[in-house]
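Asker: I am sharing query34.cif, which consists of mmCIF, C-alpha atoms:
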```cif
data_work
loop_
_atom_site.label_atom_id
_atom_site.label_comp_id
_atom_site.auth_asym_id
_atom_site.auth_seq_id
_atom_site.Cartn_x
_atom_site.Cartn_y
_atom_site.Cartn_z
CA MET H 1 -85.07 134.71 -136.37
CA GLU H 2 -81.30 134.42 -136.00
CA LYS H 3 -79.64 137.58 -134.75
CA GLN H 4 -77.56 139.34 -137.40
CA PHE H 5 -74.15 140.22 -136.03
CA LYS H 6 -72.75 143.50 -137.27
CA LYS H 7 -68.99 143.96 -137.00
CA MET H 8 -67.68 147.23 -135.60
CA LYS H 9 -66.29 148.34 -138.97
CA GLU H 10 -69.73 147.84 -140.52
CA ARG H 11 -71.34 150.24 -138.05
CA PRO H 12 -71.84 153.98 -138.67
CA LEU H 13 -68.87 156.15 -137.61
CA SER H 14 -70.95 157.57 -134.75
CA GLU H 15 -71.19 154.06 -133.26
CA ARG H 16 -67.46 153.30 -133.40
CA PRO H 17 -65.71 154.23 -130.11
CA TYR H 18 -62.24 154.76 -131.64
CA GLU H 19 -63.48 157.07 -134.37
CA LYS H 20 -65.79 158.87 -131.95
CA CYS H 21 -62.86 159.46 -129.58
CA LEU H 22 -60.70 160.84 -132.41
CA GLU H 23 -63.51 163.14 -133.48
CA SER H 24 -64.77 164.41 -130.11
CA GLY H 25 -62.34 163.27 -127.39
CA PRO H 26 -62.61 160.54 -124.73
CA GLU H 27 -65.07 162.59 -122.67
CA SER H 28 -67.64 162.06 -125.45
CA LEU H 29 -67.64 158.27 -124.95
CA SER H 30 -70.21 156.45 -122.85
CA ASP H 31 -69.10 154.08 -120.10
CA GLY H 32 -69.63 151.14 -122.43
CA GLU H 33 -67.67 152.79 -125.23
CA LEU H 34 -64.72 153.54 -122.94
CA LEU H 35 -64.63 149.92 -121.81
CA ALA H 36 -64.95 148.70 -125.42
CA VAL H 37 -61.82 150.66 -126.35
CA LEU H 38 -59.90 148.89 -123.58
CA LEU H 39 -61.28 145.48 -124.58
CA ARG H 40 -60.17 146.09 -128.20
CA SER H 41 -62.08 143.10 -129.58
CA GLY H 42 -65.28 141.19 -129.05
CA THR H 43 -66.20 137.62 -129.94
CA ARG H 44 -67.56 135.85 -133.01
CA ASP H 45 -71.07 136.67 -131.87
CA CYS H 46 -70.79 140.15 -130.37
CA SER H 47 -68.77 143.32 -130.84
CA SER H 48 -66.44 144.79 -128.21
CA LEU H 49 -69.16 147.34 -127.44
CA GLU H 50 -71.80 144.66 -126.80
CA LEU H 51 -69.29 142.74 -124.69
CA ALA H 52 -68.58 145.90 -122.70
CA TRP H 53 -72.25 146.41 -121.86
CA THR H 54 -72.53 142.75 -120.83
CA ILE H 55 -69.66 143.29 -118.39
CA LEU H 56 -71.22 146.47 -116.98
CA GLU H 57 -74.46 144.56 -116.30
CA LYS H 58 -72.78 141.43 -114.92
CA HIS H 59 -72.90 142.09 -111.18
CA PRO H 60 -76.27 141.14 -109.65
CA VAL H 61 -76.40 144.26 -107.46
CA TYR H 62 -73.91 146.88 -108.67
CA LYS H 63 -74.66 147.88 -112.24
CA GLY H 64 -72.78 150.17 -114.60
CA ILE H 65 -69.26 151.48 -114.25
CA ALA H 66 -69.30 151.17 -110.45
CA GLY H 67 -69.87 147.45 -110.87
CA LEU H 68 -66.27 147.05 -112.10
CA TYR H 69 -65.10 147.56 -108.50
CA HIS H 70 -67.17 144.58 -107.38
CA LEU H 71 -66.35 142.05 -110.11
CA ASN H 72 -63.67 139.46 -109.47
CA LEU H 73 -61.74 137.11 -111.73
CA PRO H 74 -64.18 134.14 -111.57
CA MET H 75 -67.21 136.39 -112.21
CA LEU H 76 -65.57 138.00 -115.23
CA LYS H 77 -64.55 134.66 -116.69
CA GLU H 78 -68.17 133.51 -116.63
CA ILE H 79 -68.80 135.95 -119.48
CA PRO H 80 -68.29 134.37 -122.94
CA GLY H 81 -65.30 136.03 -124.57
CA ILE H 82 -63.57 136.96 -121.30
CA GLY H 83 -60.50 134.90 -120.48
CA ASN H 84 -57.64 135.50 -118.08
CA VAL H 85 -56.07 138.30 -120.12
CA LYS H 86 -59.19 140.43 -120.55
CA ALA H 87 -60.32 139.75 -116.97
CA ILE H 88 -56.98 140.89 -115.57
CA GLU H 89 -57.04 144.00 -117.76
CA ILE H 90 -60.48 144.92 -116.40
CA LEU H 91 -59.40 144.37 -112.79
CA CYS H 92 -56.34 146.55 -113.40
CA VAL H 93 -58.57 149.35 -114.75
CA GLY H 94 -60.39 149.41 -111.40
CA GLU H 95 -57.15 149.47 -109.44
CA LEU H 96 -55.70 152.18 -111.69
CA SER H 97 -58.74 154.39 -111.09
CA ARG H 98 -58.33 154.00 -107.31
CA ARG H 99 -54.67 154.96 -107.48
CA LEU H 100 -55.34 157.93 -109.75
CA ALA H 101 -57.91 159.23 -107.29
CA ARG H 102 -55.42 159.02 -104.40
CA ALA H 103 -52.54 160.47 -106.43
CA THR H 104 -54.38 163.78 -106.70
CA VAL H 105 -53.97 164.31 -102.95
CA ASP H 106 -50.69 165.81 -101.76
CA LEU H 107 -49.36 163.88 -98.75
CA ASP H 108 -47.80 167.11 -97.44
CA THR H 109 -51.34 168.40 -97.08
CA ASP H 110 -52.76 169.17 -93.66
CA PHE H 111 -54.72 165.97 -93.02
CA SER H 112 -56.79 167.60 -90.32
CA SER H 113 -59.05 168.75 -93.16
CA PRO H 114 -62.02 166.33 -93.45
CA GLU H 115 -62.33 167.13 -97.15
CA TYR H 116 -58.78 165.98 -97.88
CA VAL H 117 -59.18 162.83 -95.82
CA ALA H 118 -62.44 161.95 -97.54
CA ALA H 119 -60.96 162.63 -100.98
CA TYR H 120 -57.98 160.43 -100.21
CA PHE H 121 -60.06 157.43 -99.15
CA MET H 122 -63.31 157.85 -101.08
CA GLU H 123 -62.55 155.66 -104.11
CA ASN H 124 -60.89 152.99 -102.00
CA MET H 125 -63.70 152.72 -99.47
CA ARG H 126 -67.03 153.70 -100.98
CA HIS H 127 -67.29 150.49 -103.01
CA LEU H 128 -66.43 148.09 -100.17
CA GLU H 129 -69.10 145.53 -99.34
CA THR H 130 -67.94 145.10 -95.73
CA GLU H 131 -67.21 147.68 -93.07
CA LYS H 132 -63.53 148.57 -92.75
CA VAL H 133 -61.90 150.79 -90.12
CA MET H 134 -58.69 152.69 -90.87
CA LEU H 135 -56.40 154.55 -88.51
CA LEU H 136 -54.49 157.60 -89.73
CA LEU H 137 -51.39 158.57 -87.76
CA LEU H 138 -50.34 162.21 -88.07
CA ASP H 139 -47.23 164.14 -87.13
CA GLY H 140 -47.16 167.48 -85.32
CA ARG H 141 -47.98 169.33 -88.56
CA HIS H 142 -50.94 167.05 -89.27
CA ARG H 143 -49.13 165.30 -92.14
CA LEU H 144 -49.85 161.64 -92.76
CA LEU H 145 -47.25 159.36 -91.18
CA LYS H 146 -48.98 156.03 -91.69
CA GLU H 147 -52.36 154.53 -92.53
CA ILE H 148 -53.26 151.27 -90.82
CA SER H 149 -56.16 148.90 -91.38
CA LEU H 150 -57.56 148.22 -87.91
CA SER H 151 -60.48 145.96 -88.63
CA GLU H 152 -62.73 144.55 -91.32
CA GLY H 153 -66.10 143.08 -90.46
CA ASP H 154 -69.39 142.19 -92.09
CA CYS H 155 -71.71 144.53 -93.95
CA ASN H 156 -72.86 146.19 -90.72
CA SER H 157 -69.95 146.38 -88.29
CA ALA H 158 -66.26 145.92 -87.58
CA ILE H 159 -64.70 145.38 -84.15
CA VAL H 160 -62.02 147.87 -83.10
CA SER H 161 -59.63 147.66 -80.13
CA VAL H 162 -58.86 150.99 -78.46
CA LYS H 163 -55.67 149.45 -77.09
CA ALA H 164 -54.53 148.51 -80.62
CA ILE H 165 -55.13 152.08 -81.79
CA PHE H 166 -52.78 153.62 -79.26
CA LEU H 167 -50.15 150.88 -79.55
CA GLU H 168 -49.85 151.86 -83.21
CA ALA H 169 -49.86 155.56 -82.35
CA PHE H 170 -46.96 155.12 -79.94
CA ARG H 171 -45.07 152.86 -82.34
CA TYR H 172 -45.00 155.58 -85.01
CA GLU H 173 -44.71 158.47 -82.52
CA ALA H 174 -47.91 160.05 -83.78
CA SER H 175 -48.97 163.39 -82.38
CA SER H 176 -52.62 162.90 -83.30
CA ILE H 177 -54.90 160.37 -84.97
CA ILE H 178 -57.97 160.17 -87.20
CA LEU H 179 -60.40 157.27 -87.46
CA ILE H 180 -62.10 156.61 -90.77
CA HIS H 181 -64.49 153.87 -91.78
CA ASN H 182 -67.07 153.14 -94.44
CA HIS H 183 -70.75 152.30 -94.35
CA PRO H 184 -71.48 149.73 -97.09
CA SER H 185 -75.07 150.98 -97.22
CA GLY H 186 -73.75 154.20 -98.77
CA TYR H 187 -75.26 156.35 -96.01
CA PRO H 188 -72.65 157.86 -93.67
CA GLU H 189 -74.86 158.75 -90.71
CA PRO H 190 -73.05 157.66 -87.50
CA SER H 191 -74.51 154.69 -85.65
CA ARG H 192 -74.74 154.32 -81.87
CA GLU H 193 -71.64 152.08 -82.02
CA ASP H 194 -69.75 154.78 -83.96
CA LEU H 195 -70.56 157.34 -81.27
CA VAL H 196 -69.50 155.01 -78.45
CA LEU H 197 -66.19 154.13 -80.13
CA THR H 198 -65.43 157.79 -80.82
CA ARG H 199 -66.05 158.76 -77.21
CA ARG H 200 -63.84 155.93 -75.88
CA VAL H 201 -60.95 156.75 -78.23
CA LYS H 202 -61.22 160.48 -77.54
CA GLU H 203 -61.14 159.95 -73.76
CA ALA H 204 -58.18 157.55 -73.98
CA GLY H 205 -56.31 159.97 -76.23
CA GLU H 206 -56.79 162.82 -73.77
CA LEU H 207 -55.21 160.70 -71.03
CA LEU H 208 -52.30 159.58 -73.23
CA GLY H 209 -51.58 162.93 -74.90
CA ILE H 210 -52.52 161.81 -78.42
CA SER H 211 -55.59 163.64 -79.63
CA LEU H 212 -58.33 162.19 -81.80
CA LEU H 213 -58.79 164.90 -84.44
CA ASP H 214 -61.79 163.39 -86.19
CA HIS H 215 -63.80 160.28 -86.98
CA ILE H 216 -64.88 160.33 -90.61
CA ILE H 217 -67.50 158.01 -92.09
CA ILE H 218 -67.43 157.34 -95.82
CA GLY H 219 -70.64 156.76 -97.75
CA ASP H 220 -71.25 156.63 -101.49
CA ARG H 221 -69.75 159.91 -102.76
CA CYS H 222 -70.50 161.51 -99.42
CA PHE H 223 -69.08 161.57 -95.93
CA VAL H 224 -69.69 162.74 -92.39
CA SER H 225 -67.04 164.37 -90.19
CA MET H 226 -68.03 163.76 -86.59
CA ARG H 227 -65.87 166.70 -85.54
CA GLU H 228 -67.67 169.05 -87.94
CA GLN H 229 -71.03 167.71 -86.76
CA LYS H 230 -69.96 168.30 -83.12
CA MET H 231 -70.46 164.62 -82.29
CA MET H 232 -67.18 164.25 -80.43
#
```
Would you kindly transcribe this structure into structure tokens?
Answerer:
Amino acid sequence: MEKQFKKMKERPLSERPYEKCLESGPESLSDGELLAVLLRSGTRDCSSLELAWTILEKHPVYKGIAGLYHLNLPMLKEIPGIGNVKAIEILCVGELSRRLARATVDLDTDFSSPEYVAAYFMENMRHLETEKVMLLLLDGRHRLLKEISLSEGDCNSAIVSVKAIFLEAFRYEASSIILIHNHPSGYPEPSREDLVLTRRVKEAGELLGISLLDHIIIGDRCFVSMREQKMM
């Protein structure tokens, strides 16, 4: 039997995202309904809401709203009804969410706090599919001077040069540094390689007068501070 397509205006008010938002606020909308509002229109064969759920299920591994971080332009354009304009809008939603998450952190904050560091990098790093190592350079009051991408590897490891770390630290006259990297698995437990790198950087910093304050590992909505865990 041929599927009967029901336009959005033919649906009950409770199934219309715009009307539902007006009645109960955006927090009442499901992930699919929020995305449908941004899409504005569907296709001849499906509503904006059905198109939204198709997008949220598109990625072969990452499903739901988190999948938006992992979709790229070619993948989005494989979906009937998604052209350049809608694909770019969806990609910009992901980038906007990352920037909103970081904007909530005050850069005058004392960045020696693992909680602040994790909050600042969580949305940028927890969705990455490869391991990335960042270097944070801090001034004498532990304020962020500069963040530098040191290395990006495969899903299991990234190679880091201790020499490169301290060249950057001297270039920006940092008083102390923090290492931060993600585990694509989502589990932030330090590996043997993480422990070895931390020890090498800490020992070099003690000789050069630039202390390693912490090495923080980002998982999926969780993190480990090696300083707090007394692993350094």
Asker: Name the residues that the PyMOL selection byres ((chain H and resi 149) around 10) pulls out of this structure, and write them as a ChimeraX atom specification.
Answerer: /H:132-136,147-148,150-152,180-181
Asker: Could you name the residues that touch H:Leu38 at 10 Å or less, counting only C-alpha atoms, but leaving out those on the same chain fewer than 5 positions away, as a ChimeraX atom specification?
Answerer: /H:33,48,52,86,89-90,93
Asker: Convert the output of the PyMOL selection byres ((chain H and resi 194) around 12) on the shown file into explicit residues, formatted as JSON, numbers by chain.
Answerer: {"H": [131, 133, 156, 157, 158, 159, 160, 179, 180, 181, 182, 183, 188, 189, 190, 191, 192, 193, 195, 196, 197, 198, 199, 200, 201, 214, 215, 216, 217, 224, 225, 226, 231, 232]}
Asker: Which residues match the PyMOL selection byres ((chain H and resi 163) around 12) in the file above, as a ChimeraX atom specification?
Answerer: /H:150,160-162,164-170,197,200-201,204-205,208
Asker: Neighbourhood query: residues within 12 Å of (-68.1, 138.8, -113.9), file coordinates, counting only C-alpha atoms; return as an MDAnalysis selection string.
Answerer: chainID H and resid 51:63 67:84 86:88 90:91
Asker: Quick one, how far is atom CA of H:Phe223 from atom CA of H:Ile178?
Answerer: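 Value for the atom CA of H:Phe223-atom CA of H:Ile178 distance: 14.2 Å.
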Asker: Using all atoms listed in the file, which of the listed residues (H:Cys222, H:Leu29, H:Ala118, H:Leu39) sits closest to H:Val85?
Answerer: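 Between H:Cys222, H:Leu29, H:Ala118, H:Leu39, the residue approaching H:Val85 most closely is H:Leu39.
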Asker: To one decimal place, how far is atom CA of H:Tyr172 from atom CA of H:Thr109 in Å?
Answerer: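 Computing it gives 18.7 Å between the two atoms.
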Asker: Give me, please, the distance in Å between atom CA of H:Pro17 and atom CA of H:Arg102, quoted to one decimal.
Answerer: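 These atoms are spaced 28.1 Å apart.
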Asker: Which residue out of H:Ile218, H:Leu22, H:Leu212, H:Val37 has the minimum interatomic distance to H:Leu138 when only C-alpha atoms are used?
Answerer: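 Checking each of H:Ile218, H:Leu22, H:Leu212, H:Val37 against H:Leu138, counting only C-alpha atoms, the winner is H:Leu212.
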Asker: In terms of the shortest atom-to-atom distance over all atoms listed in the file, which of H:Arg16, H:Lys202, H:Lys230, H:Arg44 is closest to H:Ser176?
Answerer: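 The closest residue to H:Ser176 is H:Lys202.
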Asker: Nearest residue to H:Met125 out of H:Gly219, H:Gly94, H:Gly32, H:Gly140, using all atoms listed in the file?
Answerer: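 Answer, going by the shortest atom-to-atom distance: H:Gly219.
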Asker: May I ask which of the residues H:Ile177, H:Asp31, H:Asn124, H:Arg99 is the closest one to H:Ile210, counting only C-alpha atoms?
Answerer: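 Of the candidates, the smallest distance to H:Ile210 is held by H:Ile177.
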Asker: Which one is closest to H:Tyr120: H:Glu173, H:Arg98, H:Leu137, H:Leu145? Count all atoms listed in the file.
Answerer: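 Smallest distance to H:Tyr120 is found for H:Arg98.
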Asker: Could you please fill out stretch 197-208 of chain H with all heavy atoms and send it back as a PDB file, in the frame of the given file?
Answerer:
```
ATOM      1  N   LEU H 197     -67.607 154.306 -79.829  1.00  0.00           N
ATOM      2  CA  LEU H 197     -66.190 154.130 -80.130  1.00  0.00           C
ATOM      3  C   LEU H 197     -65.460 155.469 -80.134  1.00  0.00           C
ATOM      4  O   LEU H 197     -64.362 155.606 -79.580  1.00  0.00           O
ATOM      5  CB  LEU H 197     -66.025 153.437 -81.482  1.00  0.00           C
ATOM      6  CG  LEU H 197     -64.579 153.313 -81.993  1.00  0.00           C
ATOM      7  CD1 LEU H 197     -63.748 152.433 -81.069  1.00  0.00           C
ATOM      8  CD2 LEU H 197     -64.559 152.762 -83.428  1.00  0.00           C
ATOM      9  N   THR H 198     -66.062 156.459 -80.742  1.00  0.00           N
ATOM     10  CA  THR H 198     -65.430 157.790 -80.820  1.00  0.00           C
ATOM     11  C   THR H 198     -65.197 158.351 -79.428  1.00  0.00           C
ATOM     12  O   THR H 198     -64.118 158.896 -79.141  1.00  0.00           O
ATOM     13  CB  THR H 198     -66.324 158.747 -81.638  1.00  0.00           C
ATOM     14  OG1 THR H 198     -66.549 158.181 -82.938  1.00  0.00           O
ATOM     15  CG2 THR H 198     -65.659 160.105 -81.792  1.00  0.00           C
ATOM     16  N   ARG H 199     -66.192 158.238 -78.572  1.00  0.00           N
ATOM     17  CA  ARG H 199     -66.050 158.760 -77.210  1.00  0.00           C
ATOM     18  C   ARG H 199     -64.929 158.032 -76.454  1.00  0.00           C
ATOM     19  O   ARG H 199     -64.109 158.671 -75.784  1.00  0.00           O
ATOM     20  CB  ARG H 199     -67.367 158.621 -76.447  1.00  0.00           C
ATOM     21  CG  ARG H 199     -67.324 159.287 -75.063  1.00  0.00           C
ATOM     22  CD  ARG H 199     -68.595 159.094 -74.282  1.00  0.00           C
ATOM     23  NE  ARG H 199     -68.736 157.720 -73.817  1.00  0.00           N
ATOM     24  CZ  ARG H 199     -69.663 156.871 -74.260  1.00  0.00           C
ATOM     25  NH1 ARG H 199     -70.535 157.248 -75.185  1.00  0.00           N
ATOM     26  NH2 ARG H 199     -69.720 155.627 -73.793  1.00  0.00           N
ATOM     27  N   ARG H 200     -64.867 156.710 -76.589  1.00  0.00           N
ATOM     28  CA  ARG H 200     -63.840 155.930 -75.880  1.00  0.00           C
ATOM     29  C   ARG H 200     -62.444 156.287 -76.363  1.00  0.00           C
ATOM     30  O   ARG H 200     -61.518 156.442 -75.573  1.00  0.00           O
ATOM     31  CB  ARG H 200     -64.104 154.432 -76.093  1.00  0.00           C
ATOM     32  CG  ARG H 200     -65.325 153.906 -75.371  1.00  0.00           C
ATOM     33  CD  ARG H 200     -65.583 152.458 -75.731  1.00  0.00           C
ATOM     34  NE  ARG H 200     -64.448 151.617 -75.341  1.00  0.00           N
ATOM     35  CZ  ARG H 200     -64.141 150.489 -75.938  1.00  0.00           C
ATOM     36  NH1 ARG H 200     -64.847 150.061 -76.983  1.00  0.00           N
ATOM     37  NH2 ARG H 200     -63.122 149.770 -75.509  1.00  0.00           N
ATOM     38  N   VAL H 201     -62.270 156.417 -77.675  1.00  0.00           N
ATOM     39  CA  VAL H 201     -60.950 156.750 -78.230  1.00  0.00           C
ATOM     40  C   VAL H 201     -60.553 158.172 -77.843  1.00  0.00           C
ATOM     41  O   VAL H 201     -59.398 158.440 -77.495  1.00  0.00           O
ATOM     42  CB  VAL H 201     -60.940 156.570 -79.762  1.00  0.00           C
ATOM     43  CG1 VAL H 201     -59.606 157.040 -80.350  1.00  0.00           C
ATOM     44  CG2 VAL H 201     -61.190 155.115 -80.133  1.00  0.00           C
ATOM     45  N   LYS H 202     -61.504 159.096 -77.894  1.00  0.00           N
ATOM     46  CA  LYS H 202     -61.220 160.480 -77.540  1.00  0.00           C
ATOM     47  C   LYS H 202     -60.777 160.582 -76.080  1.00  0.00           C
ATOM     48  O   LYS H 202     -59.787 161.267 -75.752  1.00  0.00           O
ATOM     49  CB  LYS H 202     -62.439 161.360 -77.792  1.00  0.00           C
ATOM     50  CG  LYS H 202     -62.216 162.852 -77.570  1.00  0.00           C
ATOM     51  CD  LYS H 202     -63.442 163.640 -78.001  1.00  0.00           C
ATOM     52  CE  LYS H 202     -63.180 165.139 -77.941  1.00  0.00           C
ATOM     53  NZ  LYS H 202     -62.984 165.609 -76.547  1.00  0.00           N
ATOM     54  N   GLU H 203     -61.477 159.894 -75.191  1.00  0.00           N
ATOM     55  CA  GLU H 203     -61.140 159.950 -73.760  1.00  0.00           C
ATOM     56  C   GLU H 203     -59.778 159.317 -73.494  1.00  0.00           C
ATOM     57  O   GLU H 203     -58.980 159.854 -72.722  1.00  0.00           O
ATOM     58  CB  GLU H 203     -62.232 159.238 -72.953  1.00  0.00           C
ATOM     59  CG  GLU H 203     -63.550 160.006 -72.923  1.00  0.00           C
ATOM     60  CD  GLU H 203     -64.664 159.215 -72.257  1.00  0.00           C
ATOM     61  OE1 GLU H 203     -64.454 157.997 -71.967  1.00  0.00           O
ATOM     62  OE2 GLU H 203     -65.756 159.791 -72.032  1.00  0.00           O
ATOM     63  N   ALA H 204     -59.491 158.195 -74.152  1.00  0.00           N
ATOM     64  CA  ALA H 204     -58.180 157.550 -73.980  1.00  0.00           C
ATOM     65  C   ALA H 204     -57.072 158.450 -74.512  1.00  0.00           C
ATOM     66  O   ALA H 204     -56.004 158.573 -73.899  1.00  0.00           O
ATOM     67  CB  ALA H 204     -58.169 156.206 -74.695  1.00  0.00           C
ATOM     68  N   GLY H 205     -57.311 159.087 -75.640  1.00  0.00           N
ATOM     69  CA  GLY H 205     -56.310 159.970 -76.230  1.00  0.00           C
ATOM     70  C   GLY H 205     -55.994 161.169 -75.348  1.00  0.00           C
ATOM     71  O   GLY H 205     -54.841 161.600 -75.261  1.00  0.00           O
ATOM     72  N   GLU H 206     -57.008 161.681 -74.678  1.00  0.00           N
ATOM     73  CA  GLU H 206     -56.790 162.820 -73.770  1.00  0.00           C
ATOM     74  C   GLU H 206     -55.889 162.405 -72.601  1.00  0.00           C
ATOM     75  O   GLU H 206     -55.045 163.199 -72.148  1.00  0.00           O
ATOM     76  CB  GLU H 206     -58.132 163.345 -73.274  1.00  0.00           C
ATOM     77  CG  GLU H 206     -58.923 164.076 -74.365  1.00  0.00           C
ATOM     78  CD  GLU H 206     -60.345 164.400 -73.941  1.00  0.00           C
ATOM     79  OE1 GLU H 206     -60.764 163.905 -72.865  1.00  0.00           O
ATOM     80  OE2 GLU H 206     -61.036 165.128 -74.688  1.00  0.00           O
ATOM     81  N   LEU H 207     -56.050 161.184 -72.131  1.00  0.00           N
ATOM     82  CA  LEU H 207     -55.210 160.700 -71.030  1.00  0.00           C
ATOM     83  C   LEU H 207     -53.770 160.440 -71.483  1.00  0.00           C
ATOM     84  O   LEU H 207     -52.818 160.672 -70.736  1.00  0.00           O
ATOM     85  CB  LEU H 207     -55.792 159.406 -70.447  1.00  0.00           C
ATOM     86  CG  LEU H 207     -57.096 159.546 -69.647  1.00  0.00           C
ATOM     87  CD1 LEU H 207     -57.648 158.159 -69.316  1.00  0.00           C
ATOM     88  CD2 LEU H 207     -56.863 160.351 -68.375  1.00  0.00           C
ATOM     89  N   LEU H 208     -53.610 159.982 -72.727  1.00  0.00           N
ATOM     90  CA  LEU H 208     -52.300 159.580 -73.230  1.00  0.00           C
ATOM     91  C   LEU H 208     -51.561 160.690 -73.983  1.00  0.00           C
ATOM     92  O   LEU H 208     -50.407 160.523 -74.371  1.00  0.00           O
ATOM     93  CB  LEU H 208     -52.452 158.366 -74.156  1.00  0.00           C
ATOM     94  CG  LEU H 208     -52.989 157.097 -73.481  1.00  0.00           C
ATOM     95  CD1 LEU H 208     -53.357 156.053 -74.534  1.00  0.00           C
ATOM     96  CD2 LEU H 208     -51.951 156.541 -72.512  1.00  0.00           C
TER      97      LEU H 208
END
```
